[in-house]
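> There's a structure below that I have some questions on.
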Amino acid sequence: MSVKHPFVPWLIVAWAGYLLLPWYVQEDGFWSMVWLFDGYLADEYYTSAVFHGLQYDRPWLLPIALFLALPFMALRYPRQHPNYARILILAGAGGLGWLAVQGLLIGISGWEFTAFESTFGVLDQRQYGLGYGALLTAAGFLVILTSGLAAAGVMKGDVFVTSAIGTVILLVTLFVFYPVSQILVSAFQTEEGYLSAGAFAESFTSSKIWGLACLSDGRSCGVAWNSLFLATLTGLSTTLLGLAFALVVTRTGFRYKKSLRLLTVLPIVTPPFVIGLALILLFGRSGVVTQFTADLLGLEPGRWLYGLPGVWLAQLLAFTPIAFLVLIGVVEGISPAMEEASQTLRGSRWQTFRHVSLPLMRPGLANAFLIGFIESMADFGNPMVLGGNFEVLSTEIFFAIVGAQNDQGRAAVLAIVLLFFTLSAFFIQRKWLGKKSYTTVSGKAESGLPMQVNPALKWLSYGTAVPWALFTIVIYGMVMFGGFVANWGYDHSFTLKHYSDAFALSWGEFGLVWEGQAWDSLWTTLGISALSAPLTAAVGLLTAYLLVRQNFAGKNLFEFGTMLSFAIPGTVIGVSYILAFNVPPLELTGTGVILVICFIFRNMPVGVRGGIAAMSQLDKSLDEASLTLGANSFTTLRKVVIPLLRPAITAALVYSFVRAITSVSAVIFLVSAEHNMATSYIIGLVENGDYGIAIAYCSVLILVMLGAIAAIQFSVGERKLRSARTVKAKNNNKRLKEQLV
Amino acid sequence: MSLDYKAGSVVFNKVSKRFGQVSAIDNVSFTIEAGQLVTLLGPSGCGKTTTLRMIAGLEHPTEGQILIGDKDVTRLPATDRDVSMVFQSYALFPHMSVAENVAYGLMVSGTAKAEAIDKALEGLQLVGLAEYGNRLPSELSGGQQQRVAVARALVLEPEVLLLDEPLSNLDAKLRRYVREEIRDLQQQLGLTAVYVTHDQEEALAVSDQIIVMNKSVIAQQGTPRELYEQPVSAFVADFIGDANLIKAELQSREGDFARIDVGGVNVQVPHREQQSGAVTLAVRPDAVILHADPEVTALTGQVTHASYLGNQIQYTVDSELGELFVIDYRVDQPVARGSSVALDFNNRGLALVAA
């Protein structure tokens, strides 16, 4: 049964946030409780909003009390009364609006906009980032608003569903749309801080980005062309290679199909520059292959690996498994009946493949291409390690921010170019391919065997896929092996030095000492990943639940917003987070919180997709049955939907945990000395030429991830819908009662 | 028996429901008396399921008012309504045992676990499945699953029990048995039950009242006998049992009856306020009498199809009234295909309907 006034607890929370908790962010970190013992309300830095307003000349915080007082008036009306809804909506929307406006107008140095300064005079006081108090007050306002909307009949009066939608919208706005919009603003800003279209046009059309010098003379082209060329090349080649793999696995009698399928797991557990490192060990100036051929043929060891060929090779190794994964689904999705029909109509196996199977695969192939394209565009690790003089957008963005130039405007412009490419690909994928699905498998059980491909195609597929699979194995072998070699290319003696440098332990005066240099970043990585994984899964699955099970105005936009961050390259996210969260009202850079938030919203789309797929298979009448039996929608979610979604939950947890560990492109902007992540630490090692330790660290990461996957799978468990009991249970009421009570 | 039912009535007062531009229910009003089993009957897309879901609270009306047990529940969500529903797919929670399924509604409404399980077992007893509490739904047959769904709805002692095509997933033989069981249970417990089906035979068999719906509005409400014998419209006549719809001429009215000329044959039917002139007459297939001698009446026809079905022969007869569908139980006197016949009518199977 529903509570009479569900918003009341949240109103109390909001008041507590306003009256009792520190309003601004605490320098000592989110979990530090120093403020409690060090002056608390008496100290300006630790005090709550109401004292800031009354005592410390921040009168703009006082009207919040007004919005917090309003909901009490609503209590005078019954829930059905229109005024009840009106008052709550006014209080919630007004409160949130006021919080946002005052936060954006008044910043770290008074007025944020010079126009206000000339109108209202210089402001003596300043604001810091929002802290606990503001967080709770905002949460309270949100629930008050959604309760009001629910009372007005939105979502059939369901407060939980309305609040959930409100929460997800607010979060996506804050952590996806707001930062991305900051990029736009920044790109239009001149160095003095004025908005100017000219400034944007100038940097946007720069020949550094769009130059075509490589066509006329030997100089290099603009970064945009480089990226576009690389991405197209990678997209095409991964698709073809992926198709070869898919055909081998599904349409030939190849004996090691299962092992080939294992390849699809690799990109998930591979830190982004592992492949680049392995390629260096093989083909770099002191690489095994280079040395061998140099000795054999008497050639000077070349530097061909550093540049387009190396980056392309690394991306091909890294992303082919993804294309493979996509195309297995596509090839298996072609109904055997289609091919059998073609064969009974006297089509040969080649004709059937050429005129029936291949056309049916076309949207799938396009999809694989676009995914390869987006991945290549967004890739940061490989160009970073192997790029040499070959510059691409994602690395240029990084150097614009961290290099000597520290030019945020240029970074923003480059980010817009990159975003333009990936978003275009994303749109094409959704709009054009969305309508062109040739899925031929229906719900009906179909018999019939998938057709084997003709011998020529079979040997072509074998010829591409098998050597490539062996090459991949060699690459990963290098990674495992490279950590035990003293100095690659010069001294190939066995050593544990790299591992002990990174992960040494010893007993000291105060117990265990984490001596190795890698421990700090490893623990930070594990901690932050472990924290963000369940949050990501929760937000993702909640969003999926709303999208599949609820109907509301603007649902398509809502879905688009949650999927958008999938198409935003990590470097762009990184830049946008720096631009948006370096200054109040949300001051998050340098904290662990920003890393957690970044992971949640980067990895959320996969949770959403997985959740949507899983939930679409659950009969909606299960939810409705639960509702008509008197459970509210929250109980229904908890007791019916979630238990049935175990596999999707496992997948979301594993994925977000592992992605948080392997992610580098966004992270590299957001790490700080205090919160350094494994991947950015390894980048540092690579830049210093410490390949041994870097590789040792990578192998440890891979093992840690495999262990974590196993652990999550084990702890969340399998969904059990069919018990093994077969004996008829007779007269067991008593036993049953004992069991259940 | 500790289960205790307070059956409630259901009132729809000018209820409309629109999904965007599409109108699912258009200004519908009806009353369902407490303790009755009422069927919502109609072709797919007529709005019957939407009506049921609005009683459950799974949909809310765009306009109008809904009362259950004299309380206004128009804006009340499903969770807070005192009704429960048996779903077409049964919607048993696959991850809970049968007993947990039945106890679910009690537990989420705050009943202590021990008591909930006790009541659940009692509910299972009611449908004859007391020994199956430990099983998972997947370990039961379709008919048993259906009974668990009924028990799960019943243990909440709802004011109104809703059934959404509860028999559609059962095979034909089982269907008759289960519908009798549901009817017995409803009468034994004195429940108000609202039953959705598109099967007119099922509706006739179980209902106190039938509400026939067509194109978002109510076509007719009445007892099974009223609907079959006095359909108000051509649609109802054709939907409940088969009917030949024939244009005829009303000649005169005497008392409650009207004399009607059907292609030269005179019949008498209740006039139902129809005035003289052209009228539409619904003729049940078994109300057409075939005479092998074509001279017997003024109306003749020719048999174009004849199918022998064991207990009856079905004929298609081409006559000046158009093509007629005829059922004849005199299987020992078959009429050969192609032969000419005279036609006559049995007054009991005729009704005047609005065109």
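By convention in this document, the chains of the structure tokens carry letters A, B, ... by their order, each chain's residues are numbered from 1, and ligands are numbered from 1 in the order they are shown.
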List the neighbours of region 122-130 of chain B out to 7 Å using only C-alpha atoms; skip same-chain residues closer than 4 positions along the sequence, and give me the result as a list of chain:residue names.

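Within the cut-off, the hits are B:Asp118, B:Arg147, B:Val148, B:Ala151, B:Leu154, B:Val155.
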
> For the selection just defined, write its residues with all heavy atoms to a file, as a tab-separated table (two decimals), in the first residue's frame.


```tsv
chain	number	residue	atom	x	y	z
B	118	ASP	N	0.07	-19.94	5.04
B	118	ASP	CA	-1.14	-20.67	5.45
B	118	ASP	C	-2.28	-20.40	4.49
B	118	ASP	O	-2.94	-21.32	4.00
B	118	ASP	CB	-1.57	-20.21	6.85
B	118	ASP	CG	-0.96	-21.11	7.92
B	118	ASP	OD1	-0.54	-22.23	7.54
B	118	ASP	OD2	-0.90	-20.69	9.08
B	147	ARG	N	-4.79	-22.92	-12.81
B	147	ARG	CA	-5.45	-22.94	-11.51
B	147	ARG	C	-4.62	-22.22	-10.45
B	147	ARG	O	-5.17	-21.60	-9.54
B	147	ARG	CB	-5.74	-24.39	-11.11
B	147	ARG	CG	-6.94	-24.93	-11.88
B	147	ARG	CD	-7.39	-26.25	-11.36
B	147	ARG	NE	-6.60	-27.33	-11.97
B	147	ARG	CZ	-6.59	-28.57	-11.52
B	147	ARG	NH1	-7.29	-28.90	-10.45
B	147	ARG	NH2	-5.88	-29.49	-12.13
B	148	VAL	N	-3.30	-22.30	-10.56
B	148	VAL	CA	-2.46	-21.56	-9.62
B	148	VAL	C	-2.72	-20.06	-9.78
B	148	VAL	O	-2.84	-19.33	-8.80
B	148	VAL	CB	-0.96	-21.86	-9.86
B	148	VAL	CG1	-0.09	-20.97	-8.98
B	148	VAL	CG2	-0.66	-23.31	-9.58
B	151	ALA	N	-5.85	-19.28	-8.04
B	151	ALA	CA	-5.67	-19.29	-6.58
B	151	ALA	C	-4.94	-18.04	-6.13
B	151	ALA	O	-5.29	-17.43	-5.11
B	151	ALA	CB	-4.89	-20.54	-6.16
B	154	LEU	N	-7.32	-15.32	-5.98
B	154	LEU	CA	-8.41	-15.48	-5.01
B	154	LEU	C	-7.98	-15.22	-3.57
B	154	LEU	O	-8.76	-14.73	-2.78
B	154	LEU	CB	-9.00	-16.88	-5.12
B	154	LEU	CG	-9.93	-17.10	-6.32
B	154	LEU	CD1	-10.47	-18.52	-6.30
B	154	LEU	CD2	-11.08	-16.10	-6.29
B	155	VAL	N	-6.74	-15.58	-3.21
B	155	VAL	CA	-6.36	-15.46	-1.81
B	155	VAL	C	-6.35	-14.02	-1.33
B	155	VAL	O	-6.36	-13.77	-0.14
B	155	VAL	CB	-4.97	-16.08	-1.50
B	155	VAL	CG1	-5.01	-17.57	-1.68
B	155	VAL	CG2	-3.90	-15.43	-2.34
```

> Could you give me, as a Markdown table, every chain B residue with an atom at most 6 Å from chain A, plus its closest atom pair and distance in Å to one decimal, counting only C-alpha atoms, rows ordered by chain then number?


```
| residue | atom | partner | partner_atom | distance |
| --- | --- | --- | --- | --- |
| B:Ala78 | CA | A:Thr628 | CA | 5.3 |
| B:Thr79 | CA | A:Gly630 | CA | 4.2 |
| B:Ser84 | CA | A:Thr628 | CA | 5.3 |
| B:Ala91 | CA | A:Leu622 | CA | 4.7 |
| B:Pro94 | CA | A:Leu721 | CA | 5.6 |
| B:His95 | CA | A:Leu721 | CA | 5.2 |
| B:Gly105 | CA | A:Leu629 | CA | 4.6 |
| B:Val108 | CA | A:Ala631 | CA | 5.5 |
| B:Ala114 | CA | A:Val741 | CA | 5.6 |
| B:Glu131 | CA | A:Lys730 | CA | 5.6 |
```

> Per DSSP on the backbone, filter region 120-316 of chain B down to the residues in alpha helix (DSSP H) and report them as a ChimeraX atom specification.

/B:120-126,142-154,172-189,200-206,224-229,234-239

> Quick one: residues within 9 Å of Gln88 (chain B), only C-alpha atoms, excluding same-chain residues fewer than 2 positions away - as an MDAnalysis selection string?

(chainID A and resid 621) or (chainID B and resid 86 90:91 146 163:169)

> Produce a file of the selected residues containing N, CA, C and O atoms, as a compact mmCIF listing (two decimals), in the first residue's frame.


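To be explicit, this is the file written out as selection_34.txt:
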```txt
# COMPACT_ATOMS: atom_id res chain seq x y z
N SER A 621 3.10 -9.05 -18.63
CA SER A 621 2.02 -9.38 -17.70
C SER A 621 2.57 -9.82 -16.34
O SER A 621 1.84 -9.81 -15.35
N VAL B 86 -6.52 -12.59 -13.34
CA VAL B 86 -5.89 -13.79 -13.89
C VAL B 86 -5.51 -13.47 -15.32
O VAL B 86 -6.37 -13.12 -16.12
N TYR B 90 -1.12 -16.36 -17.71
CA TYR B 90 -1.05 -16.72 -16.28
C TYR B 90 -0.09 -15.83 -15.51
O TYR B 90 -0.30 -15.56 -14.36
N ALA B 91 1.03 -15.42 -16.17
CA ALA B 91 2.00 -14.53 -15.50
C ALA B 91 2.42 -15.05 -14.15
O ALA B 91 2.52 -14.30 -13.19
N GLN B 146 -2.83 -22.65 -14.76
CA GLN B 146 -4.00 -21.79 -14.82
C GLN B 146 -4.70 -21.75 -13.46
O GLN B 146 -5.09 -20.70 -12.99
N LEU B 163 -10.68 -11.84 -15.19
CA LEU B 163 -10.08 -12.94 -15.93
C LEU B 163 -9.92 -12.53 -17.39
O LEU B 163 -10.90 -12.22 -18.06
N ASP B 164 -8.68 -12.50 -17.86
CA ASP B 164 -8.40 -12.07 -19.23
C ASP B 164 -8.17 -13.30 -20.10
O ASP B 164 -7.10 -13.89 -20.06
N GLU B 165 -9.16 -13.69 -20.87
CA GLU B 165 -9.08 -14.86 -21.73
C GLU B 165 -8.38 -16.02 -21.03
O GLU B 165 -7.36 -16.53 -21.52
N PRO B 166 -8.90 -16.46 -19.89
CA PRO B 166 -8.14 -17.41 -19.07
C PRO B 166 -8.01 -18.78 -19.72
O PRO B 166 -7.18 -19.57 -19.31
N LEU B 167 -8.81 -19.08 -20.72
CA LEU B 167 -8.79 -20.44 -21.26
C LEU B 167 -8.06 -20.54 -22.59
O LEU B 167 -7.93 -21.62 -23.14
N SER B 168 -7.57 -19.40 -23.09
CA SER B 168 -7.09 -19.42 -24.47
C SER B 168 -5.84 -20.26 -24.66
O SER B 168 -5.51 -20.63 -25.77
N ASN B 169 -5.11 -20.55 -23.56
CA ASN B 169 -3.90 -21.36 -23.74
C ASN B 169 -4.13 -22.84 -23.42
O ASN B 169 -3.19 -23.59 -23.25
```

> Could you pull out all residues of region 83-323 of chain B with a DSSP call of strand (DSSP E) and give them as a ChimeraX atom specification?

/B:83-86,160-164,192-197,209-214,217-222,244-254,257-262,265-270,277-283,288-291,300-308,313-319,322-323

> Do a neighbour search on region 196-204 of chain B at 6 Å with only C-alpha atoms, toss out local chain neighbours closer than 2 positions, and write the hits as a list in words.

Thr39, Leu40, Leu41, Gly42, Pro43, Asp164, Glu165, Val206, Ser207, Pro224 and Ile240 of chain B

> Take the residues just selected and output them with N, CA and C atoms as a short mmCIF file (atom, residue, chain, number, x, y, z; two decimals), in the first residue's frame.


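Now in again17.cif:
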```
data_model
loop_
_atom_site.label_atom_id
_atom_site.label_comp_id
_atom_site.auth_asym_id
_atom_site.auth_seq_id
_atom_site.Cartn_x
_atom_site.Cartn_y
_atom_site.Cartn_z
N THR B 39 -19.39 -11.23 -18.65
CA THR B 39 -18.40 -11.43 -19.71
C THR B 39 -18.32 -10.21 -20.59
N LEU B 40 -17.11 -9.80 -20.90
CA LEU B 40 -16.90 -8.79 -21.94
C LEU B 40 -16.55 -9.56 -23.20
N LEU B 41 -17.43 -9.45 -24.20
CA LEU B 41 -17.28 -10.28 -25.39
C LEU B 41 -17.17 -9.37 -26.61
N GLY B 42 -16.31 -9.75 -27.53
CA GLY B 42 -16.22 -8.96 -28.75
C GLY B 42 -15.04 -9.40 -29.59
N PRO B 43 -14.99 -8.95 -30.84
CA PRO B 43 -13.88 -9.30 -31.70
C PRO B 43 -12.61 -8.59 -31.22
N ASP B 164 -8.68 -12.50 -17.86
CA ASP B 164 -8.40 -12.07 -19.23
C ASP B 164 -8.17 -13.30 -20.10
N GLU B 165 -9.16 -13.69 -20.87
CA GLU B 165 -9.08 -14.86 -21.73
C GLU B 165 -8.38 -16.02 -21.03
N VAL B 206 -20.80 -19.45 -19.40
CA VAL B 206 -20.45 -19.13 -18.01
C VAL B 206 -21.16 -17.90 -17.44
N SER B 207 -21.76 -17.06 -18.27
CA SER B 207 -22.10 -15.72 -17.77
C SER B 207 -23.47 -15.58 -17.14
N PRO B 224 -27.35 -14.18 -21.38
CA PRO B 224 -27.05 -14.94 -22.59
C PRO B 224 -28.30 -15.18 -23.44
N ILE B 240 -23.06 -13.46 -31.92
CA ILE B 240 -23.49 -14.50 -30.98
C ILE B 240 -24.28 -15.51 -31.76
#
```

> Report as a list of chain:residue names all protein, DNA and RNA residues lying within 12 Å of Asp318 (chain B), evaluated on only C-alpha atoms, omitting residues in the same chain fewer than 2 positions from it.

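With the cut-off at 12 Å, the set is B:Leu299, B:Thr300, B:Gly301, B:Gln302, B:Val303, B:Thr304, B:His305, B:Ala306, B:Tyr315, B:Thr316, B:Glu320, B:Leu321, B:Gly322, B:Glu323, B:Leu324, B:Phe325, B:Val326, B:Arg337, B:Gly338, B:Ser339, B:Ser340, B:Val341, B:Ala342, B:Leu343.
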
> Output the selection as an mmCIF file, in the first residue's frame - N, CA, C and O atoms for each residue.


```cif
data_model
loop_
_atom_site.group_PDB
_atom_site.id
_atom_site.type_symbol
_atom_site.label_atom_id
_atom_site.label_comp_id
_atom_site.auth_asym_id
_atom_site.auth_seq_id
_atom_site.Cartn_x
_atom_site.Cartn_y
_atom_site.Cartn_z
ATOM 1 N N LEU B 299 -41.361 -19.097 -51.476
ATOM 2 C CA LEU B 299 -39.933 -18.769 -51.511
ATOM 3 C C LEU B 299 -39.145 -20.015 -51.905
ATOM 4 O O LEU B 299 -39.210 -21.038 -51.218
ATOM 5 N N THR B 300 -38.398 -19.918 -52.996
ATOM 6 C CA THR B 300 -37.626 -21.083 -53.420
ATOM 7 C C THR B 300 -36.152 -20.739 -53.500
ATOM 8 O O THR B 300 -35.764 -19.569 -53.513
ATOM 9 N N GLY B 301 -35.362 -21.809 -53.543
ATOM 10 C CA GLY B 301 -33.923 -21.597 -53.660
ATOM 11 C C GLY B 301 -33.260 -22.846 -54.192
ATOM 12 O O GLY B 301 -33.904 -23.865 -54.405
ATOM 13 N N GLN B 302 -31.957 -22.727 -54.384
ATOM 14 C CA GLN B 302 -31.211 -23.859 -54.910
ATOM 15 C C GLN B 302 -30.029 -24.143 -54.007
ATOM 16 O O GLN B 302 -29.289 -23.226 -53.605
ATOM 17 N N VAL B 303 -29.837 -25.422 -53.647
ATOM 18 C CA VAL B 303 -28.741 -25.802 -52.755
ATOM 19 C C VAL B 303 -27.445 -25.782 -53.547
ATOM 20 O O VAL B 303 -27.293 -26.483 -54.537
ATOM 21 N N THR B 304 -26.488 -24.925 -53.101
ATOM 22 C CA THR B 304 -25.210 -24.858 -53.833
ATOM 23 C C THR B 304 -24.095 -25.615 -53.120
ATOM 24 O O THR B 304 -23.110 -25.995 -53.733
ATOM 25 N N HIS B 305 -24.179 -25.764 -51.786
ATOM 26 C CA HIS B 305 -23.195 -26.575 -51.048
ATOM 27 C C HIS B 305 -23.926 -27.365 -49.989
ATOM 28 O O HIS B 305 -24.916 -26.889 -49.440
ATOM 29 N N ALA B 306 -23.429 -28.555 -49.692
ATOM 30 C CA ALA B 306 -23.979 -29.335 -48.580
ATOM 31 C C ALA B 306 -22.830 -30.044 -47.893
ATOM 32 O O ALA B 306 -22.024 -30.701 -48.544
ATOM 33 N N TYR B 315 -26.060 -26.368 -45.149
ATOM 34 C CA TYR B 315 -26.312 -26.093 -46.563
ATOM 35 C C TYR B 315 -26.037 -24.637 -46.864
ATOM 36 O O TYR B 315 -26.207 -23.768 -45.992
ATOM 37 N N THR B 316 -25.630 -24.358 -48.062
ATOM 38 C CA THR B 316 -25.679 -22.989 -48.563
ATOM 39 C C THR B 316 -26.750 -22.970 -49.644
ATOM 40 O O THR B 316 -26.716 -23.798 -50.562
ATOM 41 N N GLU B 320 -33.747 -15.834 -53.675
ATOM 42 C CA GLU B 320 -33.926 -14.441 -54.068
ATOM 43 C C GLU B 320 -33.620 -13.480 -52.920
ATOM 44 O O GLU B 320 -33.476 -12.281 -53.129
ATOM 45 N N LEU B 321 -33.487 -13.999 -51.680
ATOM 46 C CA LEU B 321 -33.088 -13.161 -50.535
ATOM 47 C C LEU B 321 -31.575 -13.025 -50.457
ATOM 48 O O LEU B 321 -31.037 -12.368 -49.574
ATOM 49 N N GLY B 322 -30.884 -13.726 -51.322
ATOM 50 C CA GLY B 322 -29.428 -13.771 -51.261
ATOM 51 C C GLY B 322 -28.997 -15.167 -50.830
ATOM 52 O O GLY B 322 -29.802 -16.094 -50.796
ATOM 53 N N GLU B 323 -27.725 -15.287 -50.496
ATOM 54 C CA GLU B 323 -27.196 -16.587 -50.095
ATOM 55 C C GLU B 323 -27.567 -16.826 -48.640
ATOM 56 O O GLU B 323 -27.337 -15.981 -47.781
ATOM 57 N N LEU B 324 -28.134 -17.996 -48.327
ATOM 58 C CA LEU B 324 -28.528 -18.304 -46.954
ATOM 59 C C LEU B 324 -27.701 -19.457 -46.420
ATOM 60 O O LEU B 324 -27.419 -20.417 -47.127
ATOM 61 N N PHE B 325 -27.301 -19.328 -45.133
ATOM 62 C CA PHE B 325 -26.583 -20.407 -44.460
ATOM 63 C C PHE B 325 -27.605 -21.153 -43.610
ATOM 64 O O PHE B 325 -28.293 -20.564 -42.778
ATOM 65 N N VAL B 326 -27.715 -22.454 -43.844
ATOM 66 C CA VAL B 326 -28.777 -23.234 -43.209
ATOM 67 C C VAL B 326 -28.177 -24.421 -42.469
ATOM 68 O O VAL B 326 -27.277 -25.089 -42.981
ATOM 69 N N ARG B 337 -27.046 -31.665 -53.411
ATOM 70 C CA ARG B 337 -26.512 -30.423 -53.962
ATOM 71 C C ARG B 337 -27.091 -30.214 -55.363
ATOM 72 O O ARG B 337 -27.207 -31.142 -56.154
ATOM 73 N N GLY B 338 -27.511 -28.991 -55.644
ATOM 74 C CA GLY B 338 -28.056 -28.698 -56.957
ATOM 75 C C GLY B 338 -29.572 -28.757 -57.019
ATOM 76 O O GLY B 338 -30.181 -28.212 -57.930
ATOM 77 N N SER B 339 -30.194 -29.394 -56.008
ATOM 78 C CA SER B 339 -31.649 -29.524 -56.097
ATOM 79 C C SER B 339 -32.355 -28.241 -55.675
ATOM 80 O O SER B 339 -31.818 -27.433 -54.903
ATOM 81 N N SER B 340 -33.560 -28.046 -56.175
ATOM 82 C CA SER B 340 -34.364 -26.884 -55.820
ATOM 83 C C SER B 340 -35.176 -27.200 -54.577
ATOM 84 O O SER B 340 -35.655 -28.320 -54.402
ATOM 85 N N VAL B 341 -35.300 -26.221 -53.697
ATOM 86 C CA VAL B 341 -36.052 -26.431 -52.454
ATOM 87 C C VAL B 341 -36.979 -25.253 -52.223
ATOM 88 O O VAL B 341 -36.779 -24.165 -52.759
ATOM 89 N N ALA B 342 -38.007 -25.483 -51.374
ATOM 90 C CA ALA B 342 -38.844 -24.392 -50.888
ATOM 91 C C ALA B 342 -38.348 -24.029 -49.496
ATOM 92 O O ALA B 342 -37.832 -24.872 -48.772
ATOM 93 N N LEU B 343 -38.473 -22.732 -49.130
ATOM 94 C CA LEU B 343 -37.960 -22.281 -47.837
ATOM 95 C C LEU B 343 -39.078 -21.788 -46.946
ATOM 96 O O LEU B 343 -40.035 -21.163 -47.407
#
```
